[in-house]
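So this block is protein36.pdb, PDB, C-alpha atoms:
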ATOM      1  CA  MET A1385      99.895  87.820 121.897  1.00  0.00           C
ATOM      2  CA  SER A1386      98.741  91.182 120.645  1.00  0.00           C
ATOM      3  CA  SER A1387     100.534  94.469 120.396  1.00  0.00           C
ATOM      4  CA  THR A1388     100.067  97.743 118.589  1.00  0.00           C
ATOM      5  CA  ALA A1389     102.596  99.283 116.216  1.00  0.00           C
ATOM      6  CA  LEU A1390     103.753 102.831 116.732  1.00  0.00           C
ATOM      7  CA  ALA A1391     103.720 105.613 114.149  1.00  0.00           C
ATOM      8  CA  SER A1392     101.191 103.987 111.843  1.00  0.00           C
ATOM      9  CA  GLU A1393      98.376 105.492 109.796  1.00  0.00           C
ATOM     10  CA  THR A1394      95.148 103.979 108.535  1.00  0.00           C
ATOM     11  CA  TRP A1395      92.749 105.659 106.139  1.00  0.00           C
ATOM     12  CA  VAL A1396      89.709 104.473 104.216  1.00  0.00           C
ATOM     13  CA  GLN A1397      87.664 105.986 101.439  1.00  0.00           C
ATOM     14  CA  GLY A1398      84.589 104.596  99.779  1.00  0.00           C
ATOM     15  CA  ARG A1399      81.689 105.028  97.431  1.00  0.00           C
ATOM     16  CA  ALA A1400      78.432 103.202  96.846  1.00  0.00           C
ATOM     17  CA  VAL A1401      75.932 102.751  94.056  1.00  0.00           C
ATOM     18  CA  LEU A1402      72.369 101.554  93.724  1.00  0.00           C
ATOM     19  CA  HIS A1403      72.297  98.771  91.143  1.00  0.00           C
ATOM     20  CA  ALA A1404      69.542  99.461  88.641  1.00  0.00           C
ATOM     21  CA  CYS A1405      67.381 102.487  89.118  1.00  0.00           C
ATOM     22  CA  VAL A1406      64.365 100.538  90.387  1.00  0.00           C
ATOM     23  CA  TYR A1407      62.814 100.120  93.822  1.00  0.00           C
ATOM     24  CA  ALA A1408      63.851  96.530  94.664  1.00  0.00           C
ATOM     25  CA  SER A1409      67.544  96.916  94.047  1.00  0.00           C
ATOM     26  CA  ALA A1410      70.730  96.558  96.086  1.00  0.00           C
ATOM     27  CA  TYR A1411      73.369  99.020  97.248  1.00  0.00           C
ATOM     28  CA  GLU A1412      76.970  97.994  96.733  1.00  0.00           C
ATOM     29  CA  ALA A1413      80.008  99.640  98.352  1.00  0.00           C
ATOM     30  CA  HIS A1414      83.569  99.853  97.063  1.00  0.00           C
ATOM     31  CA  LEU A1415      86.174 100.655  99.735  1.00  0.00           C
ATOM     32  CA  GLU A1416      89.854 101.537  99.407  1.00  0.00           C
ATOM     33  CA  LEU A1417      91.879 100.805 102.562  1.00  0.00           C
ATOM     34  CA  ASN A1418      95.417 101.990 103.263  1.00  0.00           C
ATOM     35  CA  TYR A1419      97.957 101.221 105.974  1.00  0.00           C
ATOM     36  CA  ARG A1420     101.256 103.073 106.376  1.00  0.00           C
ATOM     37  CA  ASN A1421     103.949 102.390 108.948  1.00  0.00           C
ATOM     38  CA  TYR A1422     107.425 103.896 108.506  1.00  0.00           C
ATOM     39  CA  SER A1423     108.905 101.707 111.256  1.00  0.00           C
ATOM     40  CA  LEU A1424     108.384  98.407 109.419  1.00  0.00           C
ATOM     41  CA  PRO A1425     111.397  96.700 107.797  1.00  0.00           C
ATOM     42  CA  TRP A1426     111.664  95.702 104.155  1.00  0.00           C
ATOM     43  CA  GLY A1427     110.058  92.286 103.577  1.00  0.00           C
ATOM     44  CA  THR A1428     107.113  92.834 105.929  1.00  0.00           C
ATOM     45  CA  SER A1429     103.805  91.233 104.891  1.00  0.00           C
ATOM     46  CA  VAL A1430     100.420  92.780 105.659  1.00  0.00           C
ATOM     47  CA  TYR A1431      96.998  91.117 105.717  1.00  0.00           C
ATOM     48  CA  LEU A1432      93.544  92.645 106.119  1.00  0.00           C
ATOM     49  CA  ILE A1433      91.179  90.725 108.400  1.00  0.00           C
ATOM     50  CA  HIS A1434      87.718  92.171 107.923  1.00  0.00           C
ATOM     51  CA  GLY A1435      83.983  91.809 108.365  1.00  0.00           C
ATOM     52  CA  TRP A1436      80.871  93.942 108.100  1.00  0.00           C
ATOM     53  CA  GLY A1437      78.667  95.369 110.841  1.00  0.00           C
ATOM     54  CA  GLY A1438      75.281  97.010 110.949  1.00  0.00           C
ATOM     55  CA  LEU A1439      71.692  96.238 111.820  1.00  0.00           C
ATOM     56  CA  ASN A1440      69.445  93.239 111.218  1.00  0.00           C
ATOM     57  CA  SER A1441      65.833  94.111 112.013  1.00  0.00           C
ATOM     58  CA  PHE A1442      67.311  96.953 114.123  1.00  0.00           C
ATOM     59  CA  VAL A1443      69.499  94.539 116.144  1.00  0.00           C
ATOM     60  CA  PRO A1444      73.195  95.526 115.938  1.00  0.00           C
ATOM     61  CA  PHE A1445      75.830  93.064 114.765  1.00  0.00           C
ATOM     62  CA  ASP A1446      79.501  93.187 113.780  1.00  0.00           C
ATOM     63  CA  TRP A1447      82.115  91.026 112.043  1.00  0.00           C
ATOM     64  CA  GLU A1448      79.760  89.296 109.600  1.00  0.00           C
ATOM     65  CA  ASN A1449      81.235  87.584 106.531  1.00  0.00           C
ATOM     66  CA  THR A1450      84.772  87.630 107.967  1.00  0.00           C
ATOM     67  CA  GLN A1451      87.623  87.251 105.486  1.00  0.00           C
ATOM     68  CA  THR A1452      91.413  87.560 105.438  1.00  0.00           C
ATOM     69  CA  ILE A1453      93.199  88.893 102.368  1.00  0.00           C
ATOM     70  CA  GLU A1454      96.858  89.541 101.639  1.00  0.00           C
ATOM     71  CA  VAL A1455      97.517  93.227 100.983  1.00  0.00           C
ATOM     72  CA  SER A1456      99.967  94.463  98.350  1.00  0.00           C
ATOM     73  CA  ALA A1457     102.511  97.187  98.900  1.00  0.00           C
ATOM     74  CA  SER A1458     101.404 100.301  97.000  1.00  0.00           C
ATOM     75  CA  ALA A1459     104.241 102.679  97.945  1.00  0.00           C
ATOM     76  CA  PRO A1460     107.218 102.602 100.335  1.00  0.00           C
ATOM     77  CA  TYR A1461     105.972 101.578 103.800  1.00  0.00           C
ATOM     78  CA  THR A1462     102.365 101.613 102.513  1.00  0.00           C
ATOM     79  CA  TRP A1463      99.933  98.762 101.781  1.00  0.00           C
ATOM     80  CA  SER A1464      96.596  99.223 100.003  1.00  0.00           C
ATOM     81  CA  THR A1465      93.659  97.075  98.963  1.00  0.00           C
ATOM     82  CA  THR A1466      90.045  97.327  97.849  1.00  0.00           C
ATOM     83  CA  VAL A1467      86.949  95.543  99.118  1.00  0.00           C
ATOM     84  CA  THR A1468      83.542  95.417  97.434  1.00  0.00           C
ATOM     85  CA  SER A1469      80.260  94.084  98.845  1.00  0.00           C
ATOM     86  CA  ILE A1470      76.494  94.436  98.733  1.00  0.00           C
ATOM     87  CA  ILE A1471      75.696  96.559 101.800  1.00  0.00           C
ATOM     88  CA  SER A1472      71.896  96.537 101.666  1.00  0.00           C
ATOM     89  CA  ASN A1473      69.039  95.119  99.692  1.00  0.00           C
ATOM     90  CA  ARG A1474      65.601  96.640  99.720  1.00  0.00           C
ATOM     91  CA  THR A1475      64.024  93.212 100.285  1.00  0.00           C
ATOM     92  CA  SER A1476      66.106  92.432 103.405  1.00  0.00           C
ATOM     93  CA  PRO A1477      65.876  93.827 106.964  1.00  0.00           C
ATOM     94  CA  LYS A1478      69.689  93.718 107.206  1.00  0.00           C
ATOM     95  CA  TRP A1479      72.071  96.480 106.166  1.00  0.00           C
ATOM     96  CA  TYR A1480      75.726  97.225 106.759  1.00  0.00           C
ATOM     97  CA  GLU A1481      76.671 100.501 108.456  1.00  0.00           C
ATOM     98  CA  HIS A1482      80.360  99.896 109.200  1.00  0.00           C
ATOM     99  CA  PHE A1483      83.341  97.957 107.943  1.00  0.00           C
ATOM    100  CA  ASP A1484      85.240  96.182 110.765  1.00  0.00           C
ATOM    101  CA  PHE A1485      88.912  95.376 110.318  1.00  0.00           C
ATOM    102  CA  VAL A1486      92.411  94.864 111.711  1.00  0.00           C
ATOM    103  CA  TRP A1487      95.775  94.809 109.960  1.00  0.00           C
ATOM    104  CA  LYS A1488      97.783  91.636 110.585  1.00  0.00           C
ATOM    105  CA  VAL A1489     101.458  92.529 110.204  1.00  0.00           C
ATOM    106  CA  VAL A1490     104.046  89.765 109.746  1.00  0.00           C
ATOM    107  CA  LEU A1491     107.670  90.844 110.083  1.00  0.00           C
ATOM    108  CA  PRO A1492     110.448  89.164 108.075  1.00  0.00           C
ATOM    109  CA  ASN A1493     111.558  87.251 111.204  1.00  0.00           C
ATOM    110  CA  GLY A1494     108.051  85.706 111.534  1.00  0.00           C
ATOM    111  CA  HIS A1495     106.900  87.875 114.464  1.00  0.00           C
ATOM    112  CA  GLU A1496     103.361  89.120 113.946  1.00  0.00           C
ATOM    113  CA  PHE A1497     101.148  91.737 115.521  1.00  0.00           C
ATOM    114  CA  TYR A1498      97.688  93.166 114.919  1.00  0.00           C
ATOM    115  CA  GLU A1499      97.328  96.876 114.246  1.00  0.00           C
ATOM    116  CA  LYS A1500      93.971  98.093 115.516  1.00  0.00           C
ATOM    117  CA  GLY A1501      94.653 101.505 117.000  1.00  0.00           C
ATOM    118  CA  ASN A1502      94.434 100.386 120.631  1.00  0.00           C
ATOM    119  CA  GLY A1503      95.922  97.914 123.078  1.00  0.00           C
ATOM    120  CA  SER A1504      92.777  95.925 123.851  1.00  0.00           C
ATOM    121  CA  THR A1505      92.793  92.178 123.286  1.00  0.00           C
ATOM    122  CA  TRP A1506      89.946  91.993 120.743  1.00  0.00           C
ATOM    123  CA  GLY A1507      89.952  95.580 119.491  1.00  0.00           C
ATOM    124  CA  TYR A1508      89.501  96.602 115.879  1.00  0.00           C
ATOM    125  CA  TYR A1509      88.899  99.513 113.544  1.00  0.00           C
ATOM    126  CA  ALA A1510      85.414 100.406 112.288  1.00  0.00           C
ATOM    127  CA  ALA A1511      85.007 102.566 109.158  1.00  0.00           C
ATOM    128  CA  SER A1512      81.606 104.261 108.906  1.00  0.00           C
ATOM    129  CA  LEU A1513      79.705 103.577 105.697  1.00  0.00           C
ATOM    130  CA  LEU A1514      77.310 106.370 106.712  1.00  0.00           C
ATOM    131  CA  ASP A1515      79.957 108.849 105.515  1.00  0.00           C
ATOM    132  CA  ILE A1516      79.133 107.896 101.917  1.00  0.00           C
ATOM    133  CA  THR A1517      76.546 110.614 101.410  1.00  0.00           C
ATOM    134  CA  GLU A1518      75.763 110.134  97.713  1.00  0.00           C
ATOM    135  CA  ARG A1519      74.754 106.724  96.358  1.00  0.00           C
ATOM    136  CA  PRO A1520      73.799 107.209  92.709  1.00  0.00           C
ATOM    137  CA  CYS A1521      71.913 104.602  90.714  1.00  0.00           C
ATOM    138  CA  THR A1522      73.538 102.906  87.761  1.00  0.00           C
ATOM    139  CA  SER A1523      72.076 100.524  85.230  1.00  0.00           C
ATOM    140  CA  ASP A1524      75.394  99.085  84.005  1.00  0.00           C
ATOM    141  CA  GLY A1525      76.799  97.969  87.390  1.00  0.00           C
ATOM    142  CA  ASN A1526      79.803 100.311  87.257  1.00  0.00           C
ATOM    143  CA  PHE A1527      80.784 102.462  90.204  1.00  0.00           C
ATOM    144  CA  VAL A1528      80.192 106.152  89.584  1.00  0.00           C
ATOM    145  CA  GLY A1529      80.551 109.230  91.733  1.00  0.00           C
ATOM    146  CA  PRO A1530      83.279 110.439  94.057  1.00  0.00           C
ATOM    147  CA  TYR A1531      85.067 108.629  96.848  1.00  0.00           C
ATOM    148  CA  TYR A1532      84.319 109.862 100.355  1.00  0.00           C
ATOM    149  CA  PRO A1533      86.783 109.718 103.250  1.00  0.00           C
ATOM    150  CA  LEU A1534      85.324 107.412 105.898  1.00  0.00           C
ATOM    151  CA  SER A1535      85.578 108.036 109.630  1.00  0.00           C
ATOM    152  CA  VAL A1536      87.700 105.303 111.199  1.00  0.00           C
ATOM    153  CA  THR A1537      87.174 104.588 114.882  1.00  0.00           C
ATOM    154  CA  SER A1538      89.328 102.335 117.040  1.00  0.00           C
ATOM    155  CA  ILE A1539      86.993 100.035 118.998  1.00  0.00           C
ATOM    156  CA  GLU A1540      88.289  98.615 122.288  1.00  0.00           C
ATOM    157  CA  LYS A1541      87.180  95.099 123.283  1.00  0.00           C
ATOM    158  CA  TRP A1542      88.696  93.163 126.179  1.00  0.00           C
TER     159      TRP A1542
END

Let me see the structure of the file written as structure tokens.
Amino acid sequence: MSSTALASETWVQGRAVLHACVYASAYEAHLELNYRNYSLPWGTSVYLIHGWGGLNSFVPFDWENTQTIEVSASAPYTWSTTVTSIISNRTSPKWYEHFDFVWKVVLPNGHEFYEKGNGSTWGYYAASLLDITERPCTSDGNFVGPYYPLSVTSIEKW
């Protein structure tokens, strides 16, 4: 069974770097994801189910490298987590353009629902990695530069 929570907010920000300032290097993204829902009771657990989408030799794909992680509360009624991944490599025809995800919410009584911004059966959120406009190079592997707010779209799938 799937349902959508009311009065919830989702926001994502991210940044990316080019590892090593040489031609055959890889871009890595660091995303911060947040979920807020004032209607949830104390003791609620939240999980992030996510994957990556983009193009492989110009053929679109979504939900690659799917993972589920438990999300920690970061403020009252708010859960936050970070995700890091290589999003492209200059020697590969595949690159990630969006981050696909849903919030799995487990209430204290065991009831669970999936927050995805719509009522479709297999819907999900997609955060656009294309909104990260600056991707500086770094030789030490550390993330540098500002975070950019990412556009989050609710994708309906029946």

Given the PyMOL selection byres ((chain A and resi 1420-1423) around 6), the residues it picks as a PyMOL selection string: chain A and resi 1392-1393+1419+1424+1461-1462

Selection result of the PyMOL selection byres ((chain A and resi 1529-1538) around 9) on this file, as a PyMOL selection string: chain A and resi 1394-1401+1414-1416+1500-1502+1507-1520+1527-1528+1539-1540

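We find atom CA of Leu1439 of chain A and atom CA of Ser1469 of chain A to be spaced 15.7 Å apart.
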
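Minimum atom-to-atom distance to Ser1429 of chain A, evaluated using all atoms listed in the file, belongs to A:Tyr1498 out of A:Phe1483, A:Ile1471, A:Glu1448, A:Tyr1498.
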
Written as a list of chain:residue names, what is the full residue list that the PyMOL selection byres ((chain A and resi 1447) around 6) yields on the file shown?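 Checked against the file, the PyMOL selection byres ((chain A and resi 1447) around 6) matches A:Gly1435, A:Trp1436, A:Gly1437, A:Asp1446, A:Glu1448, A:Thr1450.
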
Emit the selected residues as a PDB file, in the coordinates of the input, including C-alpha atoms.
ATOM      1  CA  GLY A1435      83.983  91.809 108.365  1.00  0.00           C
ATOM      2  CA  TRP A1436      80.871  93.942 108.100  1.00  0.00           C
ATOM      3  CA  GLY A1437      78.667  95.369 110.841  1.00  0.00           C
ATOM      4  CA  ASP A1446      79.501  93.187 113.780  1.00  0.00           C
ATOM      5  CA  GLU A1448      79.760  89.296 109.600  1.00  0.00           C
ATOM      6  CA  THR A1450      84.772  87.630 107.967  1.00  0.00           C
TER       7      THR A1450
END

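Distances to Glu1499 of chain A were evaluated for A:Leu1432, A:Lys1541, A:Ile1470, A:Pro1425 using all atoms listed in the file, and the minimum falls at A:Leu1432.
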
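Using only C-alpha atoms, the smallest distance between any of A:Trp1426, A:Trp1506, A:Gly1494, A:Lys1478 and Ala1459 of chain A comes from A:Trp1426.
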
Distance criterion (all atoms listed in the file): nearest to Tyr1480 of chain A out of A:Val1455, A:Ala1410, A:Leu1417, A:Val1430: A:Ala1410

One number please: atom CA of Glu1412 of chain A to atom CA of Ser1456 of chain A, in Å, one decimal.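 Atom CA of Ser1456 of chain A lies 23.3 Å from atom CA of Glu1412 of chain A.
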
Box in all listed atoms of segment 1428-1443 of chain A, axis-aligned, with 8 Å more on each side; write out centre and edge lengths in Å to one decimal as lines of an AutoDock Vina configuration file.
center_x = 86.5
center_y = 93.9
center_z = 110.5
size_x = 57.3
size_y = 22.3
size_z = 27.3

Could you pull out every residue with an atom within 9 Å of (67.8, 93.5, 110.3), file coordinates, counting only C-alpha atoms, and send them as a list in words? Gly1438, Leu1439, Asn1440, Ser1441, Phe1442, Val1443, Pro1444, Ser1476, Pro1477, Lys1478 and Trp1479 of chain A

File of the preceding selection, C-alpha atoms, as a short mmCIF file (atom, residue, chain, number, x, y, z; two decimals), keeping the file's coordinate frame:
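So again-v7.cif came out as:
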data_model
loop_
_atom_site.label_atom_id
_atom_site.label_comp_id
_atom_site.auth_asym_id
_atom_site.auth_seq_id
_atom_site.Cartn_x
_atom_site.Cartn_y
_atom_site.Cartn_z
CA GLY A 1438 75.28 97.01 110.95
CA LEU A 1439 71.69 96.24 111.82
CA ASN A 1440 69.44 93.24 111.22
CA SER A 1441 65.83 94.11 112.01
CA PHE A 1442 67.31 96.95 114.12
CA VAL A 1443 69.50 94.54 116.14
CA PRO A 1444 73.19 95.53 115.94
CA SER A 1476 66.11 92.43 103.40
CA PRO A 1477 65.88 93.83 106.96
CA LYS A 1478 69.69 93.72 107.21
CA TRP A 1479 72.07 96.48 106.17
#

Distance atom CA of Ala1413 of chain A-atom CA of Lys1488 of chain A, one decimal place?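 Between atom CA of Ala1413 of chain A and atom CA of Lys1488 of chain A the gap is 23.0 Å.
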
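Among A:Glu1496, A:Gly1525, A:Glu1454, A:Phe1445, the residue with the shortest atom-to-atom distance to Thr1466 of chain A, counting only C-alpha atoms, is A:Glu1454.
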
Could you check which of A:Tyr1411, A:His1434, A:Thr1452, A:Asn1418 is closest to Ser1464 of chain A, using all atoms listed in the file? A:Asn1418
